[in-house]
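Visitor: This is the structure I want to talk about, given as structure tokens.
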Amino acid sequence: MLLPSRLTELELAANQIRQDIITSLLSAKSGHSAGPLGMTDVFTALYFEIANITPEKRDAEDRDRVILSNAHICPVLYATLANRGYFPREELSSLRKLGTRLQGHSNNHFRPELPIETCGGPLAQGISQAVGMAIASRTHFQANEKDKGHRPTWQTWCLMGDGELNEGQCWEAFMLAGKLNLRELTVFIDRNNIQIDGFTEDIMPLEPLANKFKAFNWSVIEINGHDIQSVVSAAELAKTTFENPTVIICHTTPGKGVSFMQNRFEWHGKPPNAEEGQIALRELRTLAGQIKSEHE
Amino acid sequence: MNNMLHPSLNPHLFSPQVEKIPTRNGYGDGLLELSETKPEVMVLTGDLAESTRVLAFWKKYPERFVECGVAEQNMMGVAAGLALAGKIPFVSSYAVFVPGRTWDQTRVSVCYSKSNVKIAGAHSGISVGPDGATHQALEDIAITRVLPNMTVIVPCDAEETRKCTLAVAQMQGPAYFRFAREKTPVITTVQTPFEIGKSILMRTGEHVTLVGCGPLLHEALLAAHELSRDGIEAEVINMHTIKPFDHAALEASVLKTGCVVTIEEHQVAGGLAGAVAESLGRHHPVPMESIGMQDSFGESGEPDELLTKYGMRAKDIVLAVHDAILRKQKNLKR
């Protein structure tokens with residue numbers, strides 16, 4: 001369990017990350033809003049608490065691998081990395097601009113300065129690469145005779161969207177991971193129920209999602225994706241206990257923290273305009289009006 | 001005339017009993033050689049271990065082998081992930097699937113991410129035969145050579161395929177190489193040099209340049225042999241690397257000969273002919289004819305029947321040479 005003081009720290013970090021997402025989208029004037037805000041708590045838990053990677057050891061061979069498969073939500077990745085100390089927060093305003101490291105879809109051209117392992121964009125490509133990295137970790141582990149019987153060299157964490165699961169390639173990857181009992185791999189799915197054209201169950205129904213994974217020989221954990229303690233506990237369970245790949249289905253509210261974006265699929269793929277951005281920032285700074293003494 | 005041939009070529013090249021080996025065997029042999037010296041080499045297949053000749057590697061190193069099932073798109077991504085974690089993965093399937101079915105994965109997970117993935121496309125060309133058009137890869141060179149960061153190689157026989165397999169493991173970055181299903185003549189020997197990006201002058205001549213790749217180079221050499229009887233001396237270039245392209249060797253040859261015939265088991269659009277035309281157009285335009293698929297699909301049939309029907313035999317090359325020389329002499333434009 002996280003100490004109450006640590007939990008508060010992480011929650012405050014998540015709030016700052018949400019504000020930075022809005023600020024960078026305002027600067028970029030294009031990009032996705034709902035997904036990044038919805039996954040902020042999971043990203044905070046992953047980069048601040050769960051994954052074994054730090055800005056101090058960016059190129060460690062045994063670092064955990066984090067793969068963002070639905071790379072269109074990269075504003076949350078960038079804001080999280082900046083707040084984690086990988087680069088100055090000021091750089092976030094370069095999102096999507098000519099010459100930036102913060103490309104419209106995250107890429108690996110600036111590794112190891114930026115801990116981004118691969119290029120994302122076309123959906124489902126990330127999960128296959130995550131499977132490859134998890135297999136590499138196992139192979140690496142088997143190659144070292146002295147390590148036999150110990151845990152794998154690194155854990156691979158893959159982040160995916162629920163709309164992404166429409167892609168057939170995802171299920172090819174899930175099948176292979178299940179066949180190999182690939183416990184070195186853990187997947188977080190952003191179950192926010194929206195995709196570009198509407199609600200997931202209208203566009204291409206996914207339920208019963210948990211049962212589909214179980215049928216593919218995966219362990220399944222369902223959590224509230226805004227409860228940082230739940231995210232951390234689920235990741236711990238996946239990494240240390242289960243003997244097959246684990247999917248953590250994170251039930252999230254798209255656009256979380258900004259009232260007019262929450263649960264509205266229209267906000268999947270567009271940024272706020274200047275006025276909407278100011279309202280969004282005020283809501284985040286005042287915790288939706290609970291804090292009265294805002295000074296700007 | 002044999003003194004104009006590259007001295008390292010198979011001395012029985014023109015014998016009707018010339019030894020024939022499927023080029024894919026060279027891939028399997030190359031992998032086994034690599035497996036001993038490079039522990040980071042891994043092999044993936046999509047339910048085609050035997051026909052892509054990776055079965056021996058699988059048996060020898062099961063922990064370095066990933067059987068991905070009939071799921072090529074995922075296989076390409078898994079290979080990219082392995083490569084980004086320091087392995088050297090060889091993706092083994094039919095060329096119609098890798099890169100055919102997996103072009104998006106090849107573009108993003110492999111080329112854009114600069115993953116050190118080696119893609120082995122088996123059963124390329126029309127000589128795949130009875131399986132018919134769906135399984136005859138005739139567009140794979142075109143769709144790979146347009147991808148940034150990609151190297152594209154077409155070995156001409158089993159020995160060159162073996163050398164190619166070793167060479168791509170030494171280089172850093174994505175590479176695609178293709179090989180054929182059927183037994184084809186052994187053209188080169190262990191002594192024949194092989195360096196990625198450096199073509200081989202197989203025969204010298206001054207009247208026409210034959211630029212070929214893959215097993216059809218045997219037909220090109222037969223054609224040159226026949227033309228020689230009529231006093232036409234053809235230069236034969238083995239352009240095994242389509243990308244990066246050996247502009248210098250091609251230009252040096254056409255400066256001397258003044259006309260070109262390209263030869264490949266591939267669509268004439270976008271493949272070797274495309275690369276030659278782009279190069280000559282920029283550096284030294286000359287009359288050019290092309291042997292290959294003329295914008296059509298293949299069909300079922302025996303390999304020899306298909307190569308004859310679609311005009312890829314020595315006699316077709318001879319006719320194309322006469323056309324090219326005629327255009328050169330009359331300075332004709334089409």
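Order determines the names: the first chain of the structure tokens is A, the second B, and so forth; residues in each chain are numbered 1 upward, and ligands are numbered 1 upward as they are shown.
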Determine, counting only C-alpha atoms, which protein, DNA and RNA residues have an atom within 12 Å of an atom of Leu81 (chain A); residues of the same chain fewer than 4 positions away are not included. Present the result as a ChimeraX atom specification.

Guide: /A:13-14,17,20-21,40,43-44,46-48,53-55,58,66,74-77,85-89,91-92,102,113-116

Visitor: Residues of chain A within 8 Å of chain B, using only C-alpha atoms, as number ranges by chain?

Guide: A: 107-109, 117-120, 122, 125-133, 135-137, 139, 169-170, 172-173, 176

Visitor: The selected residues should be written to file as an mmCIF file, in the first residue's frame (atoms: C-alpha atoms).

Guide:
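Ended up saving to part-v5.cif:
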```
data_model
loop_
_atom_site.group_PDB
_atom_site.id
_atom_site.type_symbol
_atom_site.label_atom_id
_atom_site.label_comp_id
_atom_site.auth_asym_id
_atom_site.auth_seq_id
_atom_site.Cartn_x
_atom_site.Cartn_y
_atom_site.Cartn_z
ATOM 1 C CA ASN A 107 8.476 8.041 -31.635
ATOM 2 C CA ASN A 108 11.801 6.603 -30.542
ATOM 3 C CA HIS A 109 14.158 8.887 -32.437
ATOM 4 C CA GLU A 117 11.044 2.691 -27.027
ATOM 5 C CA THR A 118 9.301 2.686 -30.392
ATOM 6 C CA CYS A 119 7.200 4.605 -32.897
ATOM 7 C CA GLY A 120 3.461 4.475 -32.534
ATOM 8 C CA PRO A 122 -1.085 2.777 -36.603
ATOM 9 C CA GLN A 125 1.582 -2.192 -33.717
ATOM 10 C CA GLY A 126 2.664 -1.371 -30.167
ATOM 11 C CA ILE A 127 1.255 -4.508 -28.577
ATOM 12 C CA SER A 128 3.084 -6.759 -31.040
ATOM 13 C CA GLN A 129 6.344 -4.975 -30.292
ATOM 14 C CA ALA A 130 5.657 -5.247 -26.566
ATOM 15 C CA VAL A 131 5.266 -9.006 -27.035
ATOM 16 C CA GLY A 132 8.619 -9.014 -28.841
ATOM 17 C CA MET A 133 10.316 -7.083 -26.050
ATOM 18 C CA ILE A 135 10.129 -12.449 -25.405
ATOM 19 C CA ALA A 136 13.538 -10.753 -25.646
ATOM 20 C CA SER A 137 13.569 -10.304 -21.890
ATOM 21 C CA THR A 139 15.489 -15.038 -23.981
ATOM 22 C CA GLN A 169 -3.439 -7.620 -35.089
ATOM 23 C CA CYS A 170 -4.143 -7.097 -31.357
ATOM 24 C CA GLU A 172 -2.854 -12.125 -32.999
ATOM 25 C CA ALA A 173 -0.556 -10.633 -30.369
ATOM 26 C CA LEU A 176 0.917 -15.460 -29.034
#
```

Visitor: I'd like the neighbourhood of Ala120 (chain B) as a PyMOL selection string, where a residue qualifies if any of its atoms comes within 9 Å (using only C-alpha atoms), though same-chain residues fewer than 5 positions away should be ignored.

Guide: chain B and resi 27+52+90-95+98-99+165+175-179

Visitor: Restricting the output to C-alpha atoms, write the selected residues as a PDB file, in the first residue's frame.

Guide:
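Listing of result_35.pdb after writing:
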```
ATOM      1  CA  TYR B  27      19.002 -18.990 -46.391  1.00  0.00           C
ATOM      2  CA  THR B  52      11.358 -21.271 -45.685  1.00  0.00           C
ATOM      3  CA  PHE B  90      14.924 -12.897 -39.145  1.00  0.00           C
ATOM      4  CA  VAL B  91      11.269 -12.906 -40.214  1.00  0.00           C
ATOM      5  CA  SER B  92      10.661 -15.892 -42.468  1.00  0.00           C
ATOM      6  CA  SER B  93       7.575 -16.284 -44.604  1.00  0.00           C
ATOM      7  CA  TYR B  94       6.400 -15.966 -48.191  1.00  0.00           C
ATOM      8  CA  ALA B  95       7.133 -12.670 -49.892  1.00  0.00           C
ATOM      9  CA  VAL B  98       6.244 -10.386 -45.672  1.00  0.00           C
ATOM     10  CA  PRO B  99       6.343  -7.634 -46.857  1.00  0.00           C
ATOM     11  CA  THR B 165      22.047 -13.896 -45.065  1.00  0.00           C
ATOM     12  CA  ALA B 175      16.774  -5.316 -44.711  1.00  0.00           C
ATOM     13  CA  TYR B 176      14.530  -7.219 -47.075  1.00  0.00           C
ATOM     14  CA  PHE B 177      15.761 -10.051 -49.247  1.00  0.00           C
ATOM     15  CA  ARG B 178      13.807 -12.445 -51.430  1.00  0.00           C
ATOM     16  CA  PHE B 179      14.367 -15.927 -52.726  1.00  0.00           C
TER      17      PHE B 179
END
```

Visitor: Using only C-alpha atoms, which residues of region 233-275 of chain A come within 9 Å of region 180-184 of chain A, and what is the closest atom pair for each, with the distance in Å to one decimal? Give it as CSV, sorted by chain and residue number.

Guide:
```
residue,atom,partner,partner_atom,distance
A:Ala238,CA,A:Arg183,CA,7.8
A:Lys239,CA,A:Arg183,CA,7.2
A:Thr240,CA,A:Arg183,CA,9.0
A:Phe242,CA,A:Arg183,CA,6.7
A:Glu243,CA,A:Arg183,CA,5.3
A:Asn244,CA,A:Arg183,CA,4.2
A:Pro245,CA,A:Arg183,CA,4.3
A:Thr246,CA,A:Arg183,CA,7.0
```

Visitor: Could you pull out the residues in region 101-166 of chain B that DSSP calls alpha helix (DSSP H) from the backbone, as a list in words?

Guide: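 Answer for region 101-166 of chain B restricted to alpha helix (DSSP H) is Trp103, Asp104, Gln105, Asp140, Ile141, Ala142, Ile143, Thr144, Arg145, Ala158, Glu159, Glu160, Thr161, Arg162, Lys163, Cys164, Thr165 and Leu166 of chain B.
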
Visitor: Near region 93-98 of chain A, counting only C-alpha atoms, which residues have an atom at most 10 Å away, once you skip same-chain residues fewer than 6 positions from it, shown as a list in words?

Guide: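 With the cut-off at 10 Å, the set is Asp20, Ile21, Thr23, Ser24, Leu25, Leu26, Ser27, Ala28, Lys29, Ser30, Gly31, Cys74, Pro75, Tyr78, Gly104 and His105 of chain A.
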
Visitor: Hey, which of A:Asn193, A:Asn211, A:Ser33, A:Gln155 ends up closest to Cys250 (chain A)? Count only C-alpha atoms.

Guide: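 Selected residue with least distance to Cys250 (chain A): A:Asn193.
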
Visitor: Please report, as number ranges by chain, each residue of region 49-281 of chain B to which DSSP assigns strand (DSSP E or B) when run on this structure's backbone.

Guide: B: 65-67, 88-94, 118-122, 124, 137, 151-153, 175-178, 183-185, 195, 198, 200-203, 208-212, 234-238, 241-243, 260-267

Visitor: Using only C-alpha atoms, determine which residues lie at most 9 Å from Glu11 (chain A), disregarding the query and same-chain residues fewer than 4 positions distant; provide the list as a list in words.

Guide: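 Final neighbour list, sorted by chain and number: Arg6, Leu7, Asn15, Gln16, Asp41, Thr44 and Ile228 of chain A.
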
Visitor: With C-alpha atoms kept, could you save the residues just selected as a PDB file, in the first residue's frame?

Guide:
```pdb
ATOM      1  CA  ARG A   6       2.802   9.437  -1.245  1.00  0.00           C
ATOM      2  CA  LEU A   7      -0.702   8.961  -2.613  1.00  0.00           C
ATOM      3  CA  ASN A  15      -3.511  17.186 -11.526  1.00  0.00           C
ATOM      4  CA  GLN A  16      -0.464  19.103 -12.750  1.00  0.00           C
ATOM      5  CA  ASP A  41      -3.825   8.660 -13.332  1.00  0.00           C
ATOM      6  CA  THR A  44       1.241   8.867 -13.165  1.00  0.00           C
ATOM      7  CA  ILE A 228      -3.923   5.401  -8.268  1.00  0.00           C
TER       8      ILE A 228
END
```

Visitor: Need the shell around Glu195 (chain B): protein/DNA/RNA residues with any atom at most 10 Å away, counting only C-alpha atoms. Skip same-chain ones fewer than 5 positions apart. Format as an MDAnalysis selection string?

Guide: chainID B and resid 163:164 167:168 200 240:241

Visitor: Grab the residues selected above and save them as a compact mmCIF listing (two decimals), in the first residue's frame with C-alpha atoms.

Guide:
```txt
# COMPACT_ATOMS: atom_id res chain seq x y z
CA LYS B 163 26.30 -14.81 -48.33
CA CYS B 164 23.41 -12.34 -48.27
CA ALA B 167 25.83 -9.92 -44.71
CA VAL B 168 22.46 -8.58 -43.55
CA ILE B 200 29.07 -7.69 -59.65
CA HIS B 240 21.82 -7.97 -56.35
CA THR B 241 21.30 -4.90 -54.18
```

Visitor: Determine, counting only C-alpha atoms, which protein, DNA and RNA residues have an atom within 7 Å of an atom of Gln195 (chain A); residues of the same chain fewer than 5 positions away are not included. Present the result as a list of chain:residue names.

Guide: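 My list of contacting residues is A:Gly163, A:Thr200, A:Phe265, A:His268.
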
Visitor: Create the file for the chosen residues now, containing N, CA and C atoms and written as a short mmCIF file (atom, residue, chain, number, x, y, z; two decimals), in the first residue's frame.

Guide:
```
data_model
loop_
_atom_site.label_atom_id
_atom_site.label_comp_id
_atom_site.auth_asym_id
_atom_site.auth_seq_id
_atom_site.Cartn_x
_atom_site.Cartn_y
_atom_site.Cartn_z
N GLY A 163 -10.80 1.23 -28.28
CA GLY A 163 -11.12 1.26 -29.71
C GLY A 163 -10.06 0.53 -30.52
N THR A 200 -17.99 2.68 -28.05
CA THR A 200 -17.39 1.43 -28.55
C THR A 200 -18.45 0.36 -28.77
N PHE A 265 -17.69 11.63 -26.71
CA PHE A 265 -16.77 11.11 -27.73
C PHE A 265 -16.33 12.19 -28.71
N HIS A 268 -12.76 13.11 -28.48
CA HIS A 268 -11.69 12.13 -28.71
C HIS A 268 -10.52 12.78 -29.45
#
```

Visitor: Any idea what the distance is between CA of Glu9 (chain A) and CA of Ala82 (chain A)?

Guide: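 Spanning CA of Glu9 (chain A) to CA of Ala82 (chain A) is a straight-line distance of 15.8 Å.
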
Visitor: What is the distance between CA of Ile203 (chain A) and CA of Asn263 (chain A), in Å to one decimal?

Guide: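 So the two atoms, CA of Ile203 (chain A) and CA of Asn263 (chain A), lie 15.6 Å apart.
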
Visitor: Could you tell me how far CA of Gly255 (chain A) lies from CA of Leu2 (chain A), in Å and to one decimal?

Guide: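 Distance reported for this atom pair: 25.8 Å.
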